[in-house]
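Enquirer: Encoded as structure tokens, here's the structure I'll be asking about.
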Amino acid sequence: MILQPIWSSAKFLIPALNEEESLPGVLDSLLRLGIRPDQILVLDNGSKDSTPNIAIQAGAILIHEPRRGYGAACLAGIEFLKRSDASPTHIVFLDADGSDDTNDLKDLFYPFEENTATDFVIGSRTQGKAEEGSLSFLQKFGNSLSCFLIRVFYGVSFSDLGPFRILRWDSLLSLELKDLTWGWNLEMQIKAVRKRMIIREIPVHYEKRKGGKSKISGNLIGSLKAGFKILYIFFKLTFFTKA
């Protein structure tokens with residue numbers, strides 16, 4: 001009997017905004033691992049280039065979400081799965097810019113195989129190997145500050161808020177995520193901590209984007225806006241939102 005990999009019943013959610021240069025490589029890397037096209041959801045966030053056509057040509061499921069925002073795109077994918085009565089075992093989030101190494105999937109899924117109670121696995125770029133120049137100074141600073149605040153206020157240590165992450169489907173739904181912006185990952189981690197989920201960090205590789213322009217680190221104003229938004233989300237969740 002041939003055993004199916006643990007991700008054979010997972011869904012892969014890829015938010016994308018004008019990523020025609022890098023998306024083909026991301027999709028090809030997933031398909032080479034034996035992931036079926038119908039497992040992949042490309043969450044188009046209003047692209048003006050050929051990103052939607054690339055997704056369709058690859059056989060992936062294309063979801064349109066015109067409201068701008070990383071969280072908005074991710075929520076659109078989740079709502080689609082809920083409406084379609086899908087019952088995936090796990091949800092994998094990864095970026096469309098080619099910076100996440102899909103060869104790390106086996107390592108990221110290992111904690112679920114090792115401990116069936118694991119809820120959430122985060123790919124840590126800081127514990128792993130990040131290519132020089134792949135993370136800007138402001139990204140590193142914002143990441144470190146967010147992890148520091150979580151440790152101070154919640155007593156839980158994280159090394160990263162990286163985008164390459166996996167959750168059990170039921171665990172993800174229980175978080176009732178709402179943020180439509182770049183505070184999505186932070187909201188996810190804080191709510192998971194407050195629910196006392198079993199969370200693991202696994203070192204991953206991280207590379208420079210394979211094309212296009214970053215929506216955050218590509219300019220100073222975008223980075224600062226994202227940083228302020230993340231701080232706003234942190235204090236809103238910590239002081240004004242019930243567990």
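Please note that chains go A, B, ... in the order of the structure tokens, that every chain numbers its residues from 1, and that ligands are numbered from 1 in the order shown.
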So that I can check the surroundings of stretch 224-239 of chain A, please list as a PDB file with N, CA, C and O atoms, in the first residue's frame every protein, DNA and RNA residue that reaches within 9 Å of it, counting only C-alpha atoms and ignoring chain neighbours fewer than 6 positions away.
Expert:
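Saved result, part.pdb, follows:
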```pdb
ATOM      1  N   LEU A 138      13.238  47.162   8.542  1.00  0.00           N
ATOM      2  CA  LEU A 138      11.951  47.441   9.173  1.00  0.00           C
ATOM      3  C   LEU A 138      11.141  46.167   9.393  1.00  0.00           C
ATOM      4  O   LEU A 138      10.425  46.035  10.385  1.00  0.00           O
ATOM      5  N   GLN A 139      11.249  45.212   8.473  1.00  0.00           N
ATOM      6  CA  GLN A 139      10.580  43.928   8.672  1.00  0.00           C
ATOM      7  C   GLN A 139      11.139  43.214   9.899  1.00  0.00           C
ATOM      8  O   GLN A 139      10.397  42.685  10.724  1.00  0.00           O
ATOM      9  N   GLY A 142      10.032  45.161  13.109  1.00  0.00           N
ATOM     10  CA  GLY A 142       8.623  44.949  13.425  1.00  0.00           C
ATOM     11  C   GLY A 142       8.345  43.542  13.914  1.00  0.00           C
ATOM     12  O   GLY A 142       7.552  43.320  14.837  1.00  0.00           O
ATOM     13  N   ASN A 143       9.027  42.587  13.306  1.00  0.00           N
ATOM     14  CA  ASN A 143       8.881  41.193  13.696  1.00  0.00           C
ATOM     15  C   ASN A 143       9.381  40.986  15.133  1.00  0.00           C
ATOM     16  O   ASN A 143       8.710  40.369  15.969  1.00  0.00           O
ATOM     17  N   LEU A 145       9.786  43.258  17.487  1.00  0.00           N
ATOM     18  CA  LEU A 145       8.953  43.989  18.440  1.00  0.00           C
ATOM     19  C   LEU A 145       7.664  43.239  18.743  1.00  0.00           C
ATOM     20  O   LEU A 145       7.253  43.120  19.902  1.00  0.00           O
ATOM     21  N   SER A 146       7.022  42.701  17.716  1.00  0.00           N
ATOM     22  CA  SER A 146       5.774  41.952  17.915  1.00  0.00           C
ATOM     23  C   SER A 146       6.010  40.724  18.792  1.00  0.00           C
ATOM     24  O   SER A 146       5.236  40.445  19.717  1.00  0.00           O
ATOM     25  N   LEU A 149       6.528  41.794  22.401  1.00  0.00           N
ATOM     26  CA  LEU A 149       5.279  42.155  23.074  1.00  0.00           C
ATOM     27  C   LEU A 149       4.469  40.916  23.450  1.00  0.00           C
ATOM     28  O   LEU A 149       3.868  40.857  24.539  1.00  0.00           O
ATOM     29  N   ILE A 150       4.441  39.924  22.575  1.00  0.00           N
ATOM     30  CA  ILE A 150       3.724  38.684  22.895  1.00  0.00           C
ATOM     31  C   ILE A 150       4.357  38.005  24.106  1.00  0.00           C
ATOM     32  O   ILE A 150       3.663  37.507  25.000  1.00  0.00           O
ATOM     33  N   PHE A 153       3.464  40.214  27.326  1.00  0.00           N
ATOM     34  CA  PHE A 153       2.060  40.251  27.743  1.00  0.00           C
ATOM     35  C   PHE A 153       1.421  38.871  27.868  1.00  0.00           C
ATOM     36  O   PHE A 153       0.440  38.712  28.595  1.00  0.00           O
ATOM     37  N   ASP A 179      -9.138  40.326  10.984  1.00  0.00           N
ATOM     38  CA  ASP A 179      -8.323  41.406  10.435  1.00  0.00           C
ATOM     39  C   ASP A 179      -8.187  41.279   8.923  1.00  0.00           C
ATOM     40  O   ASP A 179      -7.909  40.190   8.398  1.00  0.00           O
ATOM     41  N   THR A 181      -6.011  43.121   7.107  1.00  0.00           N
ATOM     42  CA  THR A 181      -4.756  43.716   6.655  1.00  0.00           C
ATOM     43  C   THR A 181      -3.558  42.840   7.018  1.00  0.00           C
ATOM     44  O   THR A 181      -3.669  41.634   7.180  1.00  0.00           O
ATOM     45  N   TRP A 182      -2.405  43.505   7.180  1.00  0.00           N
ATOM     46  CA  TRP A 182      -1.169  42.790   7.520  1.00  0.00           C
ATOM     47  C   TRP A 182      -1.110  42.400   8.985  1.00  0.00           C
ATOM     48  O   TRP A 182      -0.131  41.807   9.429  1.00  0.00           O
ATOM     49  N   GLY A 183      -2.152  42.729   9.761  1.00  0.00           N
ATOM     50  CA  GLY A 183      -2.226  42.268  11.142  1.00  0.00           C
ATOM     51  C   GLY A 183      -2.740  40.848  11.257  1.00  0.00           C
ATOM     52  O   GLY A 183      -2.848  40.301  12.359  1.00  0.00           O
ATOM     53  N   TRP A 184      -3.053  40.228  10.123  1.00  0.00           N
ATOM     54  CA  TRP A 184      -3.646  38.880  10.084  1.00  0.00           C
ATOM     55  C   TRP A 184      -2.803  37.848  10.835  1.00  0.00           C
ATOM     56  O   TRP A 184      -3.306  37.118  11.683  1.00  0.00           O
ATOM     57  N   LEU A 186      -0.438  38.288  13.083  1.00  0.00           N
ATOM     58  CA  LEU A 186      -0.346  38.611  14.503  1.00  0.00           C
ATOM     59  C   LEU A 186      -1.634  38.239  15.225  1.00  0.00           C
ATOM     60  O   LEU A 186      -1.605  37.656  16.321  1.00  0.00           O
ATOM     61  N   GLU A 187      -2.777  38.585  14.624  1.00  0.00           N
ATOM     62  CA  GLU A 187      -4.060  38.219  15.221  1.00  0.00           C
ATOM     63  C   GLU A 187      -4.149  36.701  15.398  1.00  0.00           C
ATOM     64  O   GLU A 187      -4.601  36.198  16.435  1.00  0.00           O
ATOM     65  N   ILE A 190      -1.857  35.581  18.382  1.00  0.00           N
ATOM     66  CA  ILE A 190      -2.378  35.992  19.691  1.00  0.00           C
ATOM     67  C   ILE A 190      -3.616  35.183  20.064  1.00  0.00           C
ATOM     68  O   ILE A 190      -3.739  34.686  21.198  1.00  0.00           O
ATOM     69  N   LYS A 191      -4.522  35.020  19.131  1.00  0.00           N
ATOM     70  CA  LYS A 191      -5.742  34.266  19.435  1.00  0.00           C
ATOM     71  C   LYS A 191      -5.429  32.795  19.707  1.00  0.00           C
ATOM     72  O   LYS A 191      -6.069  32.165  20.555  1.00  0.00           O
ATOM     73  N   ILE A 216       4.824  45.655   1.113  1.00  0.00           N
ATOM     74  CA  ILE A 216       5.166  46.282   2.390  1.00  0.00           C
ATOM     75  C   ILE A 216       6.587  46.821   2.365  1.00  0.00           C
ATOM     76  O   ILE A 216       6.818  48.014   2.493  1.00  0.00           O
TER      77      ILE A 216
END
```
Enquirer: Fewer than 5 positions away in the same chain doesn't count, so skip those; otherwise give me all residues within 9 Å of stretch 4-9 of chain A, counting only C-alpha atoms, as a list in words.
Expert: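 The residues satisfying every condition are Gly34, Ile35, Arg36, Gln39, Ser87, Pro88, Thr89, His90, Val92, Leu105, Lys106, Phe109, Tyr110, Phe112 and Glu113 of chain A.
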Enquirer: Using only C-alpha atoms, which residues sit within 9 Å of A:Gly46 once same-chain residues fewer than 2 positions away are excluded, as a ChimeraX atom specification?
Expert: /A:16-18,44,48,64-68
Enquirer: Restricting the output to C-alpha atoms, write the selected residues as an mmCIF file, in the first residue's frame.
Expert:
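Just written: out-v6.cif:
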```
data_model
loop_
_atom_site.group_PDB
_atom_site.id
_atom_site.type_symbol
_atom_site.label_atom_id
_atom_site.label_comp_id
_atom_site.auth_asym_id
_atom_site.auth_seq_id
_atom_site.Cartn_x
_atom_site.Cartn_y
_atom_site.Cartn_z
ATOM 1 C CA ALA A 16 -1.527 37.192 -4.575
ATOM 2 C CA LEU A 17 -1.443 40.747 -5.868
ATOM 3 C CA ASN A 18 0.360 41.356 -9.165
ATOM 4 C CA ASP A 44 -6.297 37.238 -6.131
ATOM 5 C CA LYS A 48 -3.833 44.178 -12.790
ATOM 6 C CA HIS A 64 -11.292 37.015 -6.467
ATOM 7 C CA GLU A 65 -11.216 39.384 -3.489
ATOM 8 C CA PRO A 66 -11.305 43.022 -4.646
ATOM 9 C CA ARG A 67 -11.012 44.416 -1.107
ATOM 10 C CA ARG A 68 -7.331 45.131 -0.663
#
```
Enquirer: Sorted by chain and rising residue number, list the residues of stretch 121-183 of chain A at most 8 Å from stretch 93-101 of chain A (counting only C-alpha atoms), each with its closest atom pair and distance in Å to one decimal, as a tab-separated table.
Expert:
```
residue	atom	partner	partner_atom	distance
A:Ser134	CA	A:Ser99	CA	7.9
A:Pro163	CA	A:Leu94	CA	5.7
A:Phe164	CA	A:Leu94	CA	4.6
A:Arg165	CA	A:Phe93	CA	5.3
A:Ile166	CA	A:Phe93	CA	6.3
```
Enquirer: Rounded to one decimal place, report the atom CA of A:Ile202-atom CA of A:Ser159 distance in Å.
Expert: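 Computing the Euclidean distance for atom CA of A:Ile202 and atom CA of A:Ser159 yields 10.0 Å.
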Enquirer: Would you kindly return, as a PyMOL selection string, each protein, DNA or RNA residue with an atom no farther than 9 Å from any atom of A:Cys147, considering only C-alpha atoms and excluding same-chain residues fewer than 6 positions away?
Expert: chain A and resi 156-161
Enquirer: Mind dumping the selected residues with C-alpha atoms as a compact mmCIF listing (two decimals), in the first residue's frame?
Expert:
```txt
# COMPACT_ATOMS: atom_id res chain seq x y z
CA VAL A 156 4.87 32.83 25.14
CA SER A 157 8.03 33.06 23.05
CA PHE A 158 7.93 33.26 19.28
CA SER A 159 10.83 34.00 16.97
CA ASP A 160 8.81 35.02 13.91
CA LEU A 161 5.46 36.01 12.43
```
Enquirer: Could you write out, as a PyMOL selection string, all the residues of stretch 37-238 of chain A that DSSP marks as strand (DSSP E)?
Expert: chain A and resi 40-44+61-64+90-93+120-130+165-168+199-206
Enquirer: Between A:Leu13, A:Leu180, A:Leu175, A:Leu23, which is the closest to A:Gly69 once you count only C-alpha atoms?
Expert: A:Leu180
Enquirer: Excluding same-chain residues fewer than 6 positions from A:Leu31, what lies within 12 Å of it counting only C-alpha atoms, as an NGL selection string?
Expert: :A and (8 or 12 or 24-25 or 37-40 or 58-60 or 102-103)
Enquirer: Stretch 88-140 of chain A: which residues are alpha helix (DSSP H) by DSSP, as a list in words?
Expert: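 Across stretch 88-140 of chain A, those assigned alpha helix (DSSP H) are Leu105, Lys106, Asp107, Leu108, Phe109, Tyr110, Pro111, Phe112, Glu113, Glu114, Phe137, Leu138, Gln139 and Lys140 of chain A.
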Enquirer: Between A:Lys208, A:Glu132, A:Ser124, A:Asp119, which is the closest to A:Ser171 once you count only C-alpha atoms?
Expert: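 The answer is A:Asp119, which sits nearest to A:Ser171.
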Enquirer: Just the number, please: distance in Å from atom CA of A:Gln189 to atom CA of A:Lys213, one decimal.
Expert: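 Here the two named atoms are 26.4 Å from each other.
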Enquirer: Between atom CA of A:Gly155 and atom CA of A:Ala72, what is the spacing in Å?
Expert: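 Going from atom CA of A:Ala72 over to atom CA of A:Gly155 covers 29.0 Å.
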Enquirer: Which residue out of A:Leu167, A:Ala73, A:Ile54, A:Leu27 has the minimum interatomic distance to A:Ala10 when only C-alpha atoms are used?
Expert: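 Using only C-alpha atoms, A:Ala10 sits closest to A:Leu167.
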Enquirer: Hey, which of A:Asp49, A:Asp28, A:Asp85, A:Glu79 ends up closest to A:Gly212? Count only C-alpha atoms.
Expert: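 Using only C-alpha atoms, the shortest distance to A:Gly212 belongs to A:Asp49.
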